[in-house]
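Asker: Sending over my_file_28.txt (compact mmCIF, C-alpha atoms).
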# COMPACT_ATOMS: atom_id res chain seq x y z
CA ASN A 135 -8.27 -18.11 -14.18
CA ALA A 136 -8.96 -14.89 -16.13
CA GLY A 137 -10.63 -12.92 -13.29
CA VAL A 138 -12.51 -9.94 -14.71
CA THR A 139 -12.38 -9.38 -18.46
CA GLN A 140 -13.59 -6.36 -20.41
CA THR A 141 -14.14 -5.73 -24.11
CA PRO A 142 -13.24 -3.70 -26.01
CA LYS A 143 -9.99 -2.22 -24.69
CA PHE A 144 -10.29 0.95 -26.75
CA GLN A 145 -13.19 2.60 -28.57
CA VAL A 146 -13.75 5.85 -30.41
CA LEU A 147 -17.33 7.00 -30.95
CA LYS A 148 -18.93 9.99 -32.59
CA THR A 149 -21.44 12.02 -30.61
CA GLY A 150 -24.83 10.32 -30.72
CA GLN A 151 -23.55 6.83 -31.47
CA SER A 152 -24.36 3.94 -29.18
CA MET A 153 -22.27 1.11 -27.87
CA THR A 154 -22.15 -1.61 -25.24
CA LEU A 155 -19.20 -2.37 -23.01
CA GLN A 156 -18.95 -5.99 -22.01
CA CYS A 157 -17.72 -7.40 -18.71
CA ALA A 158 -17.42 -10.97 -17.49
CA GLN A 159 -16.03 -12.58 -14.34
CA ASP A 160 -15.18 -16.20 -13.69
CA MET A 161 -14.87 -16.04 -9.88
CA ASN A 162 -18.49 -16.91 -9.11
CA HIS A 163 -18.99 -13.48 -7.56
CA ASN A 164 -22.45 -12.20 -6.73
CA SER A 165 -21.86 -8.46 -7.11
CA MET A 166 -20.63 -6.55 -10.13
CA TYR A 167 -19.91 -2.86 -10.71
CA TRP A 168 -19.24 -0.30 -13.40
CA TYR A 169 -17.02 2.71 -12.69
CA ARG A 170 -15.69 5.57 -14.69
CA GLN A 171 -12.29 7.10 -14.02
CA ASP A 172 -11.54 10.71 -14.83
CA PRO A 173 -8.32 12.59 -13.99
CA GLY A 174 -8.35 13.99 -10.46
CA MET A 175 -11.69 12.41 -9.61
CA GLY A 176 -10.81 8.86 -8.70
CA LEU A 177 -13.34 6.18 -9.61
CA ARG A 178 -17.02 6.97 -9.54
CA LEU A 179 -19.69 4.30 -9.45
CA ILE A 180 -22.06 4.32 -12.42
CA TYR A 181 -24.22 1.27 -11.74
CA TYR A 182 -23.94 -1.88 -9.73
CA SER A 183 -25.61 -5.25 -9.44
CA ALA A 184 -25.70 -6.77 -5.98
CA SER A 185 -26.82 -10.11 -7.34
CA GLU A 186 -28.09 -11.72 -10.51
CA GLY A 187 -31.35 -10.10 -11.53
CA THR A 188 -30.85 -6.81 -9.69
CA THR A 189 -29.29 -3.51 -10.73
CA ASP A 190 -29.07 -0.14 -8.99
CA LYS A 191 -27.85 3.34 -9.78
CA GLY A 192 -24.59 4.58 -8.42
CA GLU A 193 -23.23 8.09 -8.16
CA VAL A 194 -23.21 9.01 -11.89
CA PRO A 195 -25.84 6.94 -13.76
CA ASN A 196 -27.15 9.53 -16.23
CA GLY A 197 -26.61 8.56 -19.86
CA TYR A 198 -25.99 4.89 -19.09
CA ASN A 199 -27.94 1.66 -18.83
CA VAL A 200 -26.87 -1.75 -17.62
CA SER A 201 -27.87 -5.36 -17.97
CA ARG A 202 -26.94 -8.21 -15.64
CA LEU A 203 -27.21 -10.93 -18.25
CA ASN A 204 -26.39 -13.77 -15.86
CA LYS A 205 -24.16 -14.26 -12.85
CA ARG A 206 -21.00 -13.91 -14.95
CA GLU A 207 -21.81 -10.99 -17.23
CA PHE A 208 -22.66 -7.33 -16.65
CA SER A 209 -22.84 -4.94 -19.59
CA LEU A 210 -22.88 -1.15 -19.76
CA ARG A 211 -24.68 0.62 -22.60
CA LEU A 212 -24.34 4.16 -23.85
CA GLU A 213 -27.45 4.90 -25.89
CA SER A 214 -26.36 8.27 -27.29
CA ALA A 215 -22.73 9.01 -26.54
CA ALA A 216 -21.66 12.52 -25.53
CA PRO A 217 -18.15 14.02 -25.26
CA SER A 218 -18.64 14.17 -21.47
CA GLN A 219 -18.62 10.37 -21.48
CA THR A 220 -15.02 10.28 -22.67
CA SER A 221 -13.39 8.34 -19.86
CA VAL A 222 -11.84 5.07 -18.80
CA TYR A 223 -14.43 2.53 -17.73
CA PHE A 224 -13.72 -0.22 -15.24
CA CYS A 225 -15.78 -3.24 -14.36
CA ALA A 226 -15.32 -4.92 -10.98
CA SER A 227 -16.76 -7.83 -9.06
CA SER A 228 -16.94 -8.96 -5.46
CA GLY A 229 -18.72 -11.41 -3.27
CA LEU A 230 -16.59 -14.24 -2.01
CA ALA A 231 -17.59 -15.30 1.49
CA GLY A 232 -15.46 -13.45 3.99
CA SER A 233 -14.18 -10.91 1.50
CA HIS A 234 -16.60 -8.21 2.60
CA TYR A 235 -16.20 -5.36 0.17
CA GLU A 236 -13.03 -6.42 -1.60
CA GLN A 237 -13.45 -5.80 -5.32
CA TYR A 238 -11.51 -7.21 -8.24
CA PHE A 239 -11.06 -5.03 -11.29
CA GLY A 240 -10.85 -5.59 -15.01
CA PRO A 241 -8.21 -3.91 -17.21
CA GLY A 242 -10.50 -1.11 -18.35
CA THR A 243 -11.97 0.29 -21.57
CA ARG A 244 -10.67 3.62 -22.81
CA LEU A 245 -13.54 5.43 -24.56
CA THR A 246 -13.23 8.62 -26.56
CA VAL A 247 -16.31 10.43 -27.82
CA THR A 248 -15.67 13.04 -30.50
CA ALA B 76 -22.14 11.52 3.29
CA GLN B 77 -19.29 9.10 2.98
CA SER B 78 -16.11 10.49 1.49
CA VAL B 79 -12.41 9.79 1.14
CA THR B 80 -9.78 12.51 0.94
CA GLN B 81 -6.30 12.04 -0.41
CA PRO B 82 -4.68 15.43 0.17
CA ASP B 83 -1.68 14.90 -2.10
CA ILE B 84 -2.32 14.79 -5.85
CA HIS B 85 1.33 14.13 -6.67
CA ILE B 86 4.24 12.94 -4.57
CA THR B 87 7.84 12.55 -5.71
CA VAL B 88 10.32 10.51 -3.70
CA SER B 89 13.83 9.30 -4.36
CA GLU B 90 14.42 5.63 -4.89
CA GLY B 91 15.29 4.03 -1.54
CA ALA B 92 13.55 6.74 0.47
CA SER B 93 10.56 6.09 2.68
CA LEU B 94 7.01 6.84 1.58
CA GLU B 95 3.81 7.85 3.29
CA LEU B 96 0.58 8.49 1.38
CA ARG B 97 -2.21 10.10 3.32
CA CYS B 98 -5.86 9.11 3.42
CA ASN B 99 -8.71 10.49 5.51
CA TYR B 100 -12.23 9.12 5.43
CA SER B 101 -15.65 10.19 6.57
CA TYR B 102 -18.01 7.37 7.47
CA GLY B 103 -20.34 6.94 10.42
CA ALA B 104 -19.91 3.26 11.07
CA THR B 105 -16.86 1.07 11.52
CA PRO B 106 -15.04 1.42 8.23
CA TYR B 107 -13.71 -1.21 5.90
CA LEU B 108 -10.65 0.44 4.33
CA PHE B 109 -8.61 -0.39 1.27
CA TRP B 110 -5.59 0.75 -0.69
CA TYR B 111 -5.41 -0.05 -4.40
CA VAL B 112 -2.59 0.61 -6.86
CA GLN B 113 -2.94 1.35 -10.56
CA SER B 114 0.02 1.11 -12.89
CA PRO B 115 -0.20 3.11 -16.13
CA GLY B 116 -2.75 1.63 -18.52
CA GLN B 117 -3.75 -1.09 -16.06
CA GLY B 118 -6.65 -1.92 -13.80
CA LEU B 119 -6.60 -1.57 -10.03
CA GLN B 120 -4.83 -4.09 -7.82
CA LEU B 121 -5.56 -4.47 -4.12
CA LEU B 122 -2.54 -3.66 -1.94
CA LEU B 123 -4.08 -4.19 1.47
CA LYS B 124 -7.27 -3.92 3.50
CA TYR B 125 -8.43 -3.25 7.03
CA PHE B 126 -11.59 -4.77 8.46
CA SER B 127 -10.95 -5.09 12.20
CA GLY B 128 -8.35 -6.11 14.74
CA ASP B 129 -4.73 -5.04 14.52
CA THR B 130 -4.62 -1.46 13.29
CA LEU B 131 -1.36 -1.99 11.42
CA VAL B 132 -1.97 -4.10 8.34
CA GLN B 133 0.57 -5.57 5.97
CA GLY B 134 0.04 -5.82 2.26
CA ILE B 135 1.74 -6.91 -0.89
CA LYS B 136 4.93 -5.41 -2.33
CA GLY B 137 6.21 -4.38 1.12
CA PHE B 138 3.44 -1.87 1.85
CA GLU B 139 1.72 -1.37 5.16
CA ALA B 140 -1.03 0.92 6.43
CA GLU B 141 -2.13 2.07 9.85
CA PHE B 142 -5.74 2.70 10.83
CA LYS B 143 -6.17 5.53 13.33
CA ARG B 144 -9.79 5.88 14.35
CA SER B 145 -9.20 9.10 16.33
CA GLN B 146 -7.82 10.79 13.21
CA SER B 147 -10.11 9.04 10.69
CA SER B 148 -6.97 8.15 8.78
CA PHE B 149 -5.56 5.15 6.97
CA ASN B 150 -2.12 6.16 5.72
CA LEU B 151 -0.06 3.94 3.46
CA ARG B 152 3.66 3.49 4.10
CA LYS B 153 6.68 1.81 2.61
CA PRO B 154 10.15 1.96 4.19
CA SER B 155 12.12 1.93 0.93
CA VAL B 156 10.60 2.83 -2.42
CA HIS B 157 11.59 1.09 -5.64
CA TRP B 158 11.33 2.61 -9.13
CA SER B 159 8.63 0.01 -9.93
CA ASP B 160 6.38 1.56 -7.25
CA ALA B 161 5.70 4.54 -9.52
CA ALA B 162 1.93 4.39 -10.04
CA GLU B 163 -1.32 5.94 -8.88
CA TYR B 164 -2.61 4.94 -5.46
CA PHE B 165 -6.23 4.99 -4.38
CA CYS B 166 -7.68 4.81 -0.91
CA ALA B 167 -11.25 3.54 -0.58
CA VAL B 168 -13.86 2.97 2.11
CA GLY B 169 -16.46 0.20 1.96
CA ILE B 170 -20.01 1.36 2.58
CA TYR B 171 -23.44 -0.22 2.76
CA GLY B 172 -24.55 -2.33 -0.13
CA ASN B 173 -21.09 -3.75 -0.71
CA LYS B 174 -19.95 -0.57 -2.47
CA LEU B 175 -16.70 1.35 -2.38
CA VAL B 176 -16.11 5.09 -2.26
CA PHE B 177 -12.72 6.08 -3.67
CA GLY B 178 -10.44 9.00 -3.07
CA ALA B 179 -9.17 11.05 -6.00
CA GLY B 180 -5.84 9.25 -6.02
CA THR B 181 -2.19 10.14 -5.44
CA ILE B 182 0.32 9.85 -8.27
CA LEU B 183 3.69 8.63 -7.03
CA ARG B 184 6.80 9.52 -8.99
CA VAL B 185 10.11 7.88 -8.10
CA LYS B 186 13.33 9.62 -9.02
CA SER B 187 16.61 7.79 -9.33
Turn this file's structure into structure tokens for me.

Answerer:
Amino acid sequence: NAGVTQTPKFQVLKTGQSMTLQCAQDMNHNSMYWYRQDPGMGLRLIYYSASEGTTDKGEVPNGYNVSRLNKREFSLRLESAAPSQTSVYFCASSGLAGSHYEQYFGPGTRLTVT
Amino acid sequence: AQSVTQPDIHITVSEGASLELRCNYSYGATPYLFWYVQSPGQGLQLLLKYFSGDTLVQGIKGFEAEFKRSQSSFNLRKPSVHWSDAAEYFCAVGIYGNKLVFGAGTILRVKS
């Protein structure tokens, strides 16, 4: 049981380049999330998907887009990367009956934009 | 607005000493509260959670936390710290829409 997987683990981009971060979960969860983690700021929600077919903005959505491809997969796209998007990105999922808000996290993607 | 405050950015304790990490939240309704731990280069792992009932909750790795509604606090404790507990610890509150709001984190250093 892999849980939440993310690819790639590391990425270096030049300013203006685009890329997609991939996330998949095998726990049959309904909800999926993308966060960014910056030193001293904890995790901030970028986008989330409460269920297949829906997506909503979180706290810091500017410069990002998402796609909930199916129940398992939720991708995050940077159309034109900026140095301010240098961060560690985490995907999470939740939604087992009785688990309320408990979220399960992937290992993260460390992105550097030069 | 909902928020979580972890007043201590860094804490250093000696191995074998007790630990308390502080967490205060701001949320209008009955909170769902969580503590997560992040080891260097890793994702977040759930330590424990509070939904209702007994205000003292037990988690993994010997951690416990106490919910105090009157103080809007959910402090994490461990009676005897091990070197492997060195990590960053995040407190979080569950809000509407099945979302979490995280604190800024507390980095725990353990000295031998």

Asker: Could you list the residues in chain B lying within 6 Å of chain A, using all atoms listed in the file, and format the result as a list in words?

Answerer: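 Only these qualify: Gln117, Gly118, Leu119, Gly169, Asn173, Phe177, Gly178, Ala179 and Gly180 of chain B.
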
Asker: Restrict the selected residues to C-alpha atoms and save them as an mmCIF file, in the coordinates of the input.

Answerer:
data_model
loop_
_atom_site.group_PDB
_atom_site.id
_atom_site.type_symbol
_atom_site.label_atom_id
_atom_site.label_comp_id
_atom_site.auth_asym_id
_atom_site.auth_seq_id
_atom_site.Cartn_x
_atom_site.Cartn_y
_atom_site.Cartn_z
ATOM 1 C CA GLN B 117 -3.750 -1.090 -16.060
ATOM 2 C CA GLY B 118 -6.650 -1.920 -13.800
ATOM 3 C CA LEU B 119 -6.600 -1.570 -10.030
ATOM 4 C CA GLY B 169 -16.460 0.200 1.960
ATOM 5 C CA ASN B 173 -21.090 -3.750 -0.710
ATOM 6 C CA PHE B 177 -12.720 6.080 -3.670
ATOM 7 C CA GLY B 178 -10.440 9.000 -3.070
ATOM 8 C CA ALA B 179 -9.170 11.050 -6.000
ATOM 9 C CA GLY B 180 -5.840 9.250 -6.020
#

Asker: Could you tell me which of B:Phe142, B:Tyr164, B:Phe109, B:Trp158 comes closest to Leu96 in chain B if we count all atoms listed in the file?

Answerer: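 Using all atoms listed in the file, the shortest distance to Leu96 in chain B belongs to B:Tyr164.
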
Asker: Using only C-alpha atoms, can you list as JSON, numbers by chain the residues within 8 Å of (15.3, 11.9, -8.0)?

Answerer: {"B": [87, 88, 89, 90, 185, 186, 187]}

Asker: Kindly give the distance, in Å, that separates CA of Ser155 in chain B and CA of Pro106 in chain B, rounded to a single decimal.

Answerer: 28.1 Å

Asker: Calculate how many Å separate CA of Lys174 in chain B from CA of Ser101 in chain B, rounding to one decimal.

Answerer: 14.7 Å

Asker: If you count all atoms listed in the file, which residues fall within 6 Å of range 200-207 of chain A, apart from same-chain ones fewer than 4 positions away, as an NGL selection string?

Answerer: :A and (157-159 or 186 or 211)

Asker: Show which residues sit within 12 Å of Lys136 in chain B, as a list in words. Count only C-alpha atoms, and ignore same-chain residues fewer than 2 positions away.

Answerer: Tyr111, Val112, Gln120, Leu121, Leu122, Leu123, Gln133, Gly134, Phe138, Glu139, Arg152, Lys153, Pro154, Ser155, Val156, His157, Ser159 and Asp160 of chain B

Asker: Distance CA of Ile86 in chain B-CA of Ser221 in chain A, one decimal place?

Answerer: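 These atoms are spaced 23.8 Å apart.
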